[in-house]
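Enquirer: Contents are mmCIF, C-alpha atoms; file name model_30.cif:
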```cif
data_data
#
loop_
_atom_site.label_atom_id
_atom_site.label_comp_id
_atom_site.auth_asym_id
_atom_site.auth_seq_id
_atom_site.Cartn_x
_atom_site.Cartn_y
_atom_site.Cartn_z
CA MET A 1 103.52 88.33 75.64
CA MET A 2 100.35 86.35 76.36
CA ASN A 3 98.03 87.78 79.01
CA ARG A 4 98.33 84.66 81.15
CA ILE A 5 102.12 84.91 81.25
CA ALA A 6 102.05 88.67 81.90
CA GLU A 7 99.59 88.24 84.74
CA SER A 8 101.64 85.51 86.40
CA LEU A 9 104.77 87.65 86.20
CA PHE A 10 102.96 90.67 87.62
CA TRP A 11 101.70 88.66 90.59
CA ILE A 12 105.04 86.97 91.23
CA GLY A 13 106.40 90.49 91.69
CA ARG A 14 103.50 91.56 93.90
CA TYR A 15 103.31 88.48 96.11
CA THR A 16 107.04 88.23 96.81
CA GLU A 17 107.21 91.95 97.61
CA ARG A 18 104.10 91.69 99.79
CA ALA A 19 105.60 88.84 101.79
CA GLU A 20 108.75 90.86 102.49
CA ASN A 21 106.84 94.01 103.38
CA HIS A 22 104.62 92.07 105.78
CA ALA A 23 107.73 90.70 107.46
CA ARG A 24 109.12 94.21 107.79
CA LEU A 25 105.92 95.68 109.22
CA ILE A 26 105.50 92.84 111.74
CA ASP A 27 109.14 93.30 112.73
CA ALA A 28 108.52 97.02 113.32
CA PHE A 29 105.53 96.32 115.55
CA TYR A 30 107.49 93.70 117.45
CA HIS A 31 110.08 96.30 118.38
CA ILE A 32 107.28 98.67 119.40
CA ARG A 33 105.83 95.95 121.62
CA GLU A 34 109.14 95.49 123.45
CA GLU A 35 109.30 99.19 124.34
CA THR A 36 105.66 99.85 125.21
CA SER A 37 102.79 98.38 127.16
CA SER A 38 100.39 98.52 124.21
CA GLY A 39 99.29 94.91 124.77
CA GLU A 40 96.28 93.80 122.78
CA ARG A 41 95.99 97.15 120.96
CA LEU A 42 99.26 96.48 119.16
CA TRP A 43 98.16 93.07 117.89
CA ILE A 44 94.85 94.53 116.76
CA ARG A 45 96.78 97.19 114.86
CA ILE A 46 98.81 94.57 112.98
CA VAL A 47 95.65 92.74 111.91
CA GLN A 48 94.04 96.02 110.86
CA ALA A 49 97.10 96.94 108.79
CA LEU A 50 97.65 93.60 107.06
CA GLY A 51 94.57 91.47 107.50
CA ASP A 52 90.84 91.50 108.09
CA PRO A 53 89.76 91.84 111.76
CA ALA A 54 86.33 90.35 111.03
CA VAL A 55 87.89 87.23 109.52
CA PHE A 56 90.45 87.00 112.31
CA GLU A 57 87.75 87.12 114.98
CA THR A 58 85.88 84.20 113.39
CA MET A 59 89.04 82.08 113.60
CA TYR A 60 90.63 83.12 116.91
CA ARG A 61 89.23 83.99 120.32
CA THR A 62 91.71 86.65 121.38
CA TYR A 63 94.25 89.07 119.89
CA GLY A 64 97.16 87.31 121.53
CA GLU A 65 100.74 87.23 120.29
CA ARG A 66 100.66 83.57 119.24
CA GLU A 67 97.31 83.91 117.48
CA VAL A 68 98.20 87.07 115.52
CA LEU A 69 101.63 85.81 114.48
CA HIS A 70 100.16 82.54 113.20
CA TYR A 71 97.37 84.38 111.35
CA MET A 72 99.71 86.90 109.72
CA ILE A 73 102.61 84.58 108.95
CA LEU A 74 101.75 80.87 108.72
CA ASP A 75 97.96 80.56 108.40
CA PRO A 76 97.27 78.94 104.98
CA ASN A 77 93.60 79.97 105.26
CA HIS A 78 94.50 83.67 105.48
CA LEU A 79 95.03 84.81 101.89
CA ASN A 80 97.33 87.64 103.01
CA SER A 81 99.61 85.65 105.33
CA ILE A 82 103.28 85.41 104.41
CA GLN A 83 102.91 81.68 103.74
CA SER A 84 99.92 82.29 101.45
CA CYS A 85 101.74 85.06 99.56
CA VAL A 86 104.75 82.81 98.97
CA HIS A 87 102.49 79.92 97.95
CA GLN A 88 100.68 82.13 95.42
CA ALA A 89 103.98 83.44 94.04
CA ARG A 90 105.22 79.85 93.72
CA SER A 91 102.01 78.76 91.94
CA ASN A 92 102.32 81.59 89.44
CA LEU A 93 105.99 80.81 88.84
CA LYS A 94 105.25 77.11 88.39
CA ALA A 95 102.72 77.97 85.65
CA ILE A 96 105.41 79.74 83.61
CA ARG A 97 108.46 77.90 84.90
CA ASP A 98 109.86 77.39 81.39
CA ARG A 99 109.92 81.17 80.85
CA LEU A 100 112.19 82.06 83.78
CA PRO A 101 115.65 81.02 84.99
CA GLU A 102 115.63 77.71 86.89
CA GLU A 103 117.37 79.35 89.83
CA LEU A 104 114.26 81.40 90.61
CA TRP A 105 112.15 78.26 90.92
CA ASP A 106 114.73 76.58 93.13
CA ILE A 107 114.78 79.50 95.57
CA LEU A 108 111.04 80.12 95.72
CA ASN A 109 110.16 76.44 95.94
CA GLY A 110 112.71 75.93 98.72
CA PHE A 111 111.31 78.92 100.59
CA ALA A 112 107.73 77.63 100.30
CA LEU A 113 108.76 74.21 101.59
CA TRP A 114 110.67 75.78 104.51
CA LEU A 115 107.60 77.81 105.53
CA LYS A 116 105.56 74.60 105.72
CA SER A 117 108.14 72.66 107.73
CA ASN A 118 107.96 71.97 111.47
CA GLU A 119 111.07 74.10 111.92
CA THR A 120 109.16 77.30 111.18
CA ASP A 121 106.60 76.88 113.97
CA GLU A 122 109.34 76.36 116.53
CA LEU A 123 111.51 79.20 115.24
CA LEU A 124 108.60 81.65 115.12
CA LEU A 125 107.76 80.98 118.76
CA ASP A 126 111.35 80.87 120.02
CA SER A 127 112.74 83.82 118.06
CA PRO A 128 110.31 85.88 115.97
CA PHE A 129 113.10 88.34 115.05
CA LEU A 130 115.26 85.55 113.63
CA PHE A 131 112.29 84.06 111.80
CA LEU A 132 111.46 87.39 110.12
CA LYS A 133 115.14 87.86 109.29
CA ARG A 134 115.13 84.48 107.53
CA VAL A 135 112.04 85.49 105.53
CA LYS A 136 113.80 88.64 104.33
CA GLU A 137 116.93 86.64 103.49
CA TRP A 138 114.98 84.13 101.36
CA LEU A 139 113.28 86.93 99.45
CA GLY A 140 116.53 88.84 99.12
CA ALA A 141 118.05 85.75 97.49
CA PHE A 142 115.11 85.56 95.08
CA TYR A 143 115.41 89.25 94.10
CA GLY A 144 119.17 88.90 93.71
CA ALA A 145 118.84 85.86 91.44
CA ALA A 146 116.22 87.64 89.33
CA HIS A 147 118.41 90.72 89.03
CA HIS A 148 121.44 88.73 87.91
CA THR A 149 119.85 86.10 85.65
CA MET A 150 116.76 87.59 83.93
CA MET A 151 116.81 89.18 80.51
CA ARG A 152 115.66 92.81 80.55
CA ASP A 153 112.68 92.01 78.35
CA ARG A 154 108.87 92.04 78.75
CA HIS A 155 109.05 89.36 81.43
CA TRP A 156 111.41 91.41 83.59
CA HIS A 157 109.50 94.67 83.17
CA MET A 158 106.14 93.11 84.03
CA MET A 159 107.46 91.38 87.16
CA GLU A 160 109.18 94.59 88.28
CA SER A 161 105.96 96.54 87.69
CA GLY A 162 104.17 94.30 90.16
CA ARG A 163 107.02 94.50 92.66
CA PHE A 164 107.28 98.28 92.76
CA LEU A 165 103.54 98.86 92.73
CA GLU A 166 103.29 96.62 95.80
CA ARG A 167 106.28 98.28 97.46
CA ALA A 168 104.87 101.80 97.10
CA GLU A 169 101.53 100.80 98.62
CA ASN A 170 103.07 98.85 101.48
CA THR A 171 105.54 101.56 102.50
CA ALA A 172 102.66 104.01 102.71
CA ARG A 173 100.69 101.44 104.71
CA LEU A 174 103.58 100.82 107.10
CA PHE A 175 104.07 104.50 107.83
CA ASP A 176 100.34 105.12 108.30
CA SER A 177 100.15 102.21 110.78
CA VAL A 178 103.09 103.50 112.78
CA TYR A 179 101.62 107.01 112.66
CA HIS A 180 98.48 105.70 114.38
CA SER A 181 100.70 104.46 117.21
CA ILE A 182 102.15 107.97 117.52
CA LEU A 183 98.67 109.45 117.86
CA GLU A 184 97.87 106.94 120.63
CA ASP A 185 101.10 107.53 122.54
CA PRO A 186 102.77 110.85 121.52
CA LYS A 187 105.47 110.48 124.19
CA LYS A 188 106.95 107.61 122.17
CA THR A 189 106.98 109.53 118.87
CA GLN A 190 110.73 109.29 118.24
CA PHE A 191 110.81 105.58 119.05
CA TYR A 192 107.88 104.85 116.73
CA LEU A 193 109.46 106.83 113.92
CA PHE A 194 112.77 105.05 114.38
CA SER A 195 110.92 101.71 114.26
CA ALA A 196 109.33 102.63 110.93
CA VAL A 197 112.66 103.70 109.42
CA ARG A 198 114.44 100.64 110.79
CA ALA A 199 111.77 98.28 109.47
CA ILE A 200 112.54 99.20 105.86
CA GLY A 201 116.29 99.19 106.35
CA GLY A 202 116.67 102.96 106.24
CA ALA A 203 118.24 103.79 109.62
CA ASP A 204 121.75 104.47 108.28
CA VAL A 205 120.44 106.52 105.36
CA PHE A 206 118.20 108.53 107.67
CA ARG A 207 121.06 109.38 110.01
CA ARG A 208 123.18 110.52 107.08
CA LEU A 209 120.40 112.82 105.88
CA HIS A 210 118.83 113.98 109.14
CA MET A 211 121.28 113.02 111.91
CA ASP A 212 119.07 111.64 114.71
CA LEU A 213 116.24 114.16 114.32
CA PHE A 214 113.34 111.73 114.19
CA THR A 215 110.49 114.09 113.39
CA VAL A 216 107.38 113.22 111.40
CA GLU A 217 108.46 115.63 108.66
CA ASN A 218 111.93 114.09 108.34
CA VAL A 219 110.60 110.53 108.22
CA VAL A 220 108.00 111.51 105.63
CA SER A 221 110.77 113.02 103.52
CA LEU A 222 112.62 109.67 103.50
CA LEU A 223 109.86 107.06 103.44
CA ILE A 224 107.39 108.88 101.21
CA LEU A 225 109.08 111.62 99.19
CA ASN A 226 112.72 110.65 98.60
CA GLU A 227 113.27 109.77 94.93
CA LYS A 228 116.62 108.02 95.54
CA PHE A 229 115.80 105.77 98.51
CA PRO A 230 114.75 102.34 97.11
CA ARG A 231 111.94 101.69 99.58
CA SER A 232 110.25 105.10 99.50
CA VAL A 233 106.80 105.54 97.96
CA GLN A 234 108.11 108.07 95.45
CA PHE A 235 110.92 105.75 94.36
CA GLY A 236 108.51 102.83 93.97
CA LEU A 237 106.15 104.85 91.79
CA GLY A 238 109.09 106.16 89.77
CA GLU A 239 110.26 102.61 89.09
CA LEU A 240 106.71 101.57 88.20
CA GLU A 241 106.54 104.42 85.70
CA GLU A 242 109.88 103.40 84.19
CA GLN A 243 108.83 99.74 83.83
CA LEU A 244 105.52 100.70 82.20
CA ARG A 245 107.31 103.00 79.74
CA SER A 246 109.68 100.16 78.85
CA LEU A 247 106.72 97.83 78.26
CA ARG A 248 104.97 100.43 76.12
CA ASN A 249 108.04 100.74 73.94
CA LEU A 250 108.07 96.96 73.42
CA GLU A 251 104.38 96.54 72.62
CA SER A 252 102.60 97.36 69.37
CA SER A 253 99.59 98.87 71.18
CA ASP A 254 100.33 101.53 73.77
CA ALA A 255 96.96 103.17 74.61
CA ALA A 256 96.49 101.16 77.83
CA TYR A 257 100.08 101.78 78.87
CA ASP A 258 99.69 105.50 78.22
CA LYS A 259 96.68 105.65 80.54
CA ALA A 260 98.49 103.75 83.29
CA ILE A 261 101.58 105.94 82.91
CA ARG A 262 99.49 109.11 83.17
CA LEU A 263 97.95 107.89 86.42
CA VAL A 264 101.37 107.04 87.88
CA VAL A 265 102.68 110.49 86.96
CA LYS A 266 99.59 112.03 88.58
CA ALA A 267 100.10 109.96 91.74
CA ARG A 268 103.72 111.06 91.97
CA ALA A 269 102.72 114.69 91.61
CA GLU A 270 100.07 114.34 94.32
CA LEU A 271 102.72 113.23 96.80
CA SER A 272 103.79 116.87 96.91
CA TRP A 273 100.73 117.40 99.13
CA LEU A 274 102.66 115.70 101.91
CA GLU A 275 105.76 117.82 101.33
CA GLY A 276 103.85 120.99 102.06
CA SER A 277 101.71 119.46 104.81
CA ASP A 278 101.09 121.56 107.89
CA GLY A 279 101.75 118.47 110.00
CA GLY A 280 98.17 118.21 111.20
CA GLU A 281 97.02 114.73 112.13
CA ALA A 282 94.01 114.69 109.80
CA SER A 283 95.96 116.18 106.89
CA LEU A 284 98.78 113.64 107.00
CA HIS A 285 96.52 110.63 107.56
CA ASP A 286 94.08 111.70 104.83
CA ASN A 287 96.90 112.17 102.33
CA LEU A 288 98.38 108.77 103.18
CA VAL A 289 94.98 107.12 102.74
CA HIS A 290 94.53 108.93 99.42
CA CYS A 291 97.98 107.79 98.33
CA MET A 292 97.19 104.15 99.16
CA THR A 293 93.81 104.39 97.41
CA VAL A 294 95.38 105.75 94.23
CA ILE A 295 98.08 103.05 94.20
CA HIS A 296 95.48 100.35 94.80
CA GLY A 297 93.49 101.76 91.89
CA LEU A 298 96.56 101.54 89.69
CA GLY A 299 96.74 97.82 90.38
CA GLY A 300 93.14 97.42 89.29
CA LEU A 301 93.73 99.47 86.16
CA ILE A 302 96.75 97.40 85.14
CA GLY A 303 94.81 94.20 85.74
CA ASN A 304 91.80 95.34 83.71
CA ALA A 305 93.93 96.71 80.88
CA PHE A 306 96.43 93.90 80.39
CA PHE A 307 95.07 90.65 81.86
CA ARG A 308 92.05 88.49 81.11
CA ALA A 309 89.67 88.57 84.07
CA GLU A 310 89.16 84.82 83.98
CA GLN A 311 92.81 84.06 84.66
CA GLY A 312 92.59 85.03 88.34
CA ALA A 313 96.30 84.79 89.10
CA GLY A 314 96.21 87.22 91.97
CA ALA A 315 94.06 89.12 94.42
#
```
Rewrite the structure from the file as structure tokens, please.
Expert:
Amino acid sequence: MMNRIAESLFWIGRYTERAENHARLIDAFYHIREETSSGERLWIRIVQALGDPAVFETMYRTYGEREVLHYMILDPNHLNSIQSCVHQARSNLKAIRDRLPEELWDILNGFALWLKSNETDELLLDSPFLFLKRVKEWLGAFYGAAHHTMMRDRHWHMMESGRFLERAENTARLFDSVYHSILEDPKKTQFYLFSAVRAIGGADVFRRLHMDLFTVENVVSLLILNEKFPRSVQFGLGELEEQLRSLRNLESSDAAYDKAIRLVVKARAELSWLEGSDGGEASLHDNLVHCMTVIHGLGGLIGNAFFRAEQGAGA
């Protein structure tokens, strides 16, 4: 598989997953906003979690609801907005359109056009929850089509590598952001924890495992450590490891894959630090930051090992 094609596939996986995770995190904070009087602090927290405050402040005067939602969702000049992520995924797919099922192009192109339509501005202002639900539905349709129409070959494994790398990092980021809200307002701990679990679609699973005991330890066990829950950090890294092993078995040269696989295995082992955590604020936060740093480094390693630097398909 040519480097250009591999890189485009990797970033299609990353950008589509990033768009969905951003929608989920914004949705979680929106529920927090409805139950608290956090005000501007909450909107600042969203920008800190998903954007760049310095860039935001050069473009907008205040951290208001309208301004933050536009910046994080529809601003084409913000490289990490949902619209920009979908546009980048679409551009990468367009470059290799002949390599993938036509249905994937139809869905992603339709989604990109919908995000640019006048309907989206009105819907976002009138019903942010419905808007974010539509975003998740579009991306769910894309994932479903990929799952049911793509050959399980190099193309599939590379796109899935990008998707699960992005998912692991973003789940850790979501929980760390919500954890900061807990530290600011400990009386709302259970509500914040429920919001985090709900945001990734894990409320029913959590209740089956832990009843309604929303403690930090129980939420960490689901969102970070659970190897069977599809949106946990541990599951995401496990899937990344599996996809890299499949790619290694298909390629003639496996030294770069071996190095990447070793780092994923190491990252998974290091998650055990959280399992035995004493629950201290600094300990949990530091381990989450370390986890995100390691996952981010994995992305850089994969890019340096498998893609030509001059291609620049993602960021």
Enquirer: Using all atoms listed in the file, which residues sit within 12 Å of A:Ser117 once same-chain residues fewer than 6 positions away are excluded, as a list in words?
Expert: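 Surrounding residues, per the criterion: Leu74, Gln83, Gly110, Phe111, Leu123 and Leu124 of chain A.
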Enquirer: Could you list, as a CSV table (one decimal) with C-alpha atoms, in the coordinates of the input, every residue matched by the PyMOL selection byres ((chain A and resi 305) around 12) in this structure?
Expert:
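The new file part.csv reads:
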```csv
chain,number,residue,atom,x,y,z
A,3,ASN,CA,98.0,87.8,79.0
A,6,ALA,CA,102.0,88.7,81.9
A,7,GLU,CA,99.6,88.2,84.7
A,253,SER,CA,99.6,98.9,71.2
A,254,ASP,CA,100.3,101.5,73.8
A,255,ALA,CA,97.0,103.2,74.6
A,256,ALA,CA,96.5,101.2,77.8
A,257,TYR,CA,100.1,101.8,78.9
A,258,ASP,CA,99.7,105.5,78.2
A,259,LYS,CA,96.7,105.6,80.5
A,260,ALA,CA,98.5,103.8,83.3
A,298,LEU,CA,96.6,101.5,89.7
A,299,GLY,CA,96.7,97.8,90.4
A,300,GLY,CA,93.1,97.4,89.3
A,301,LEU,CA,93.7,99.5,86.2
A,302,ILE,CA,96.8,97.4,85.1
A,303,GLY,CA,94.8,94.2,85.7
A,304,ASN,CA,91.8,95.3,83.7
A,306,PHE,CA,96.4,93.9,80.4
A,307,PHE,CA,95.1,90.6,81.9
A,308,ARG,CA,92.0,88.5,81.1
A,309,ALA,CA,89.7,88.6,84.1
```
Enquirer: Return as a ChimeraX atom specification the set of residues that the PyMOL selection byres ((chain A and resi 172) around 9) yields on the displayed structure.
Expert: /A:167-171,173-177,223-224,232-233,288-289,291-292
Enquirer: Mind telling me what the PyMOL selection byres ((chain A and resi 15-22) around 10) catches here, as a PyMOL selection string?
Expert: chain A and resi 10-14+23-28+46+49-50+72-73+80-90+92+108+132-133+135-140+142-143+160+162-167+169-171+173-174+199-200+231+314-315
Enquirer: I want to know what sits within 10 Å of stretch 245-252 of chain A, based on only C-alpha atoms, with residues of the same chain fewer than 6 positions away left out; could you give that as JSON, numbers by chain?
Expert: {"A": [1, 152, 153, 154, 155, 156, 157, 158, 161, 239, 258, 260, 261]}
Enquirer: So the first atom is atom CA of A:Ile295 and the second is atom CA of A:Glu270; what is the distance between them in Å, to one decimal place?
Expert: 11.5 Å
Enquirer: Is it possible to dump stretch 251-270 of chain A as a PDB file, in the first residue's frame, including just N, CA and C atoms?
Expert:
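File part.pdb, as written:
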```pdb
ATOM      1  N   GLU A 251       2.438  -7.007   5.630  1.00  0.00           N
ATOM      2  CA  GLU A 251       3.544  -6.274   5.028  1.00  0.00           C
ATOM      3  C   GLU A 251       4.814  -7.121   5.024  1.00  0.00           C
ATOM      4  N   SER A 252       5.695  -6.832   4.071  1.00  0.00           N
ATOM      5  CA  SER A 252       6.954  -7.577   3.992  1.00  0.00           C
ATOM      6  C   SER A 252       7.960  -7.107   5.030  1.00  0.00           C
ATOM      7  N   SER A 253       7.883  -5.822   5.408  1.00  0.00           N
ATOM      8  CA  SER A 253       8.786  -5.276   6.426  1.00  0.00           C
ATOM      9  C   SER A 253       7.993  -4.982   7.689  1.00  0.00           C
ATOM     10  N   ASP A 254       8.437  -5.532   8.822  1.00  0.00           N
ATOM     11  CA  ASP A 254       7.634  -5.370  10.032  1.00  0.00           C
ATOM     12  C   ASP A 254       8.358  -4.679  11.176  1.00  0.00           C
ATOM     13  N   ALA A 255       9.564  -4.133  10.965  1.00  0.00           N
ATOM     14  CA  ALA A 255      10.308  -3.511  12.065  1.00  0.00           C
ATOM     15  C   ALA A 255       9.550  -2.316  12.629  1.00  0.00           C
ATOM     16  N   ALA A 256       9.012  -1.447  11.765  1.00  0.00           N
ATOM     17  CA  ALA A 256       8.299  -0.267  12.244  1.00  0.00           C
ATOM     18  C   ALA A 256       7.031  -0.667  12.981  1.00  0.00           C
ATOM     19  N   TYR A 257       6.343  -1.687  12.457  1.00  0.00           N
ATOM     20  CA  TYR A 257       5.132  -2.154  13.124  1.00  0.00           C
ATOM     21  C   TYR A 257       5.461  -2.739  14.494  1.00  0.00           C
ATOM     22  N   ASP A 258       6.559  -3.485  14.569  1.00  0.00           N
ATOM     23  CA  ASP A 258       6.952  -4.067  15.854  1.00  0.00           C
ATOM     24  C   ASP A 258       7.179  -2.983  16.901  1.00  0.00           C
ATOM     25  N   LYS A 259       7.827  -1.898  16.510  1.00  0.00           N
ATOM     26  CA  LYS A 259       8.079  -0.811  17.459  1.00  0.00           C
ATOM     27  C   LYS A 259       6.770  -0.178  17.914  1.00  0.00           C
ATOM     28  N   ALA A 260       5.871   0.070  16.965  1.00  0.00           N
ATOM     29  CA  ALA A 260       4.578   0.670  17.319  1.00  0.00           C
ATOM     30  C   ALA A 260       3.787  -0.265  18.224  1.00  0.00           C
ATOM     31  N   ILE A 261       3.807  -1.552  17.921  1.00  0.00           N
ATOM     32  CA  ILE A 261       3.066  -2.525  18.737  1.00  0.00           C
ATOM     33  C   ILE A 261       3.626  -2.570  20.149  1.00  0.00           C
ATOM     34  N   ARG A 262       4.938  -2.531  20.277  1.00  0.00           N
ATOM     35  CA  ARG A 262       5.548  -2.544  21.619  1.00  0.00           C
ATOM     36  C   ARG A 262       5.095  -1.344  22.439  1.00  0.00           C
ATOM     37  N   LEU A 263       5.010  -0.185  21.809  1.00  0.00           N
ATOM     38  CA  LEU A 263       4.589   1.015  22.530  1.00  0.00           C
ATOM     39  C   LEU A 263       3.120   0.941  22.929  1.00  0.00           C
ATOM     40  N   VAL A 264       2.284   0.353  22.075  1.00  0.00           N
ATOM     41  CA  VAL A 264       0.873   0.190  22.438  1.00  0.00           C
ATOM     42  C   VAL A 264       0.737  -0.760  23.614  1.00  0.00           C
ATOM     43  N   VAL A 265       1.471  -1.862  23.585  1.00  0.00           N
ATOM     44  CA  VAL A 265       1.438  -2.823  24.690  1.00  0.00           C
ATOM     45  C   VAL A 265       1.901  -2.151  25.980  1.00  0.00           C
ATOM     46  N   LYS A 266       2.936  -1.328  25.886  1.00  0.00           N
ATOM     47  CA  LYS A 266       3.439  -0.609  27.060  1.00  0.00           C
ATOM     48  C   LYS A 266       2.392   0.364  27.596  1.00  0.00           C
ATOM     49  N   ALA A 267       1.709   1.075  26.680  1.00  0.00           N
ATOM     50  CA  ALA A 267       0.670   2.022  27.094  1.00  0.00           C
ATOM     51  C   ALA A 267      -0.468   1.307  27.794  1.00  0.00           C
ATOM     52  N   ARG A 268      -0.841   0.148  27.285  1.00  0.00           N
ATOM     53  CA  ARG A 268      -1.920  -0.615  27.912  1.00  0.00           C
ATOM     54  C   ARG A 268      -1.526  -1.075  29.315  1.00  0.00           C
ATOM     55  N   ALA A 269      -0.280  -1.483  29.459  1.00  0.00           N
ATOM     56  CA  ALA A 269       0.192  -1.922  30.771  1.00  0.00           C
ATOM     57  C   ALA A 269       0.213  -0.766  31.764  1.00  0.00           C
ATOM     58  N   GLU A 270       0.565   0.427  31.267  1.00  0.00           N
ATOM     59  CA  GLU A 270       0.663   1.584  32.158  1.00  0.00           C
ATOM     60  C   GLU A 270      -0.697   2.038  32.669  1.00  0.00           C
TER      61      GLU A 270
END
```
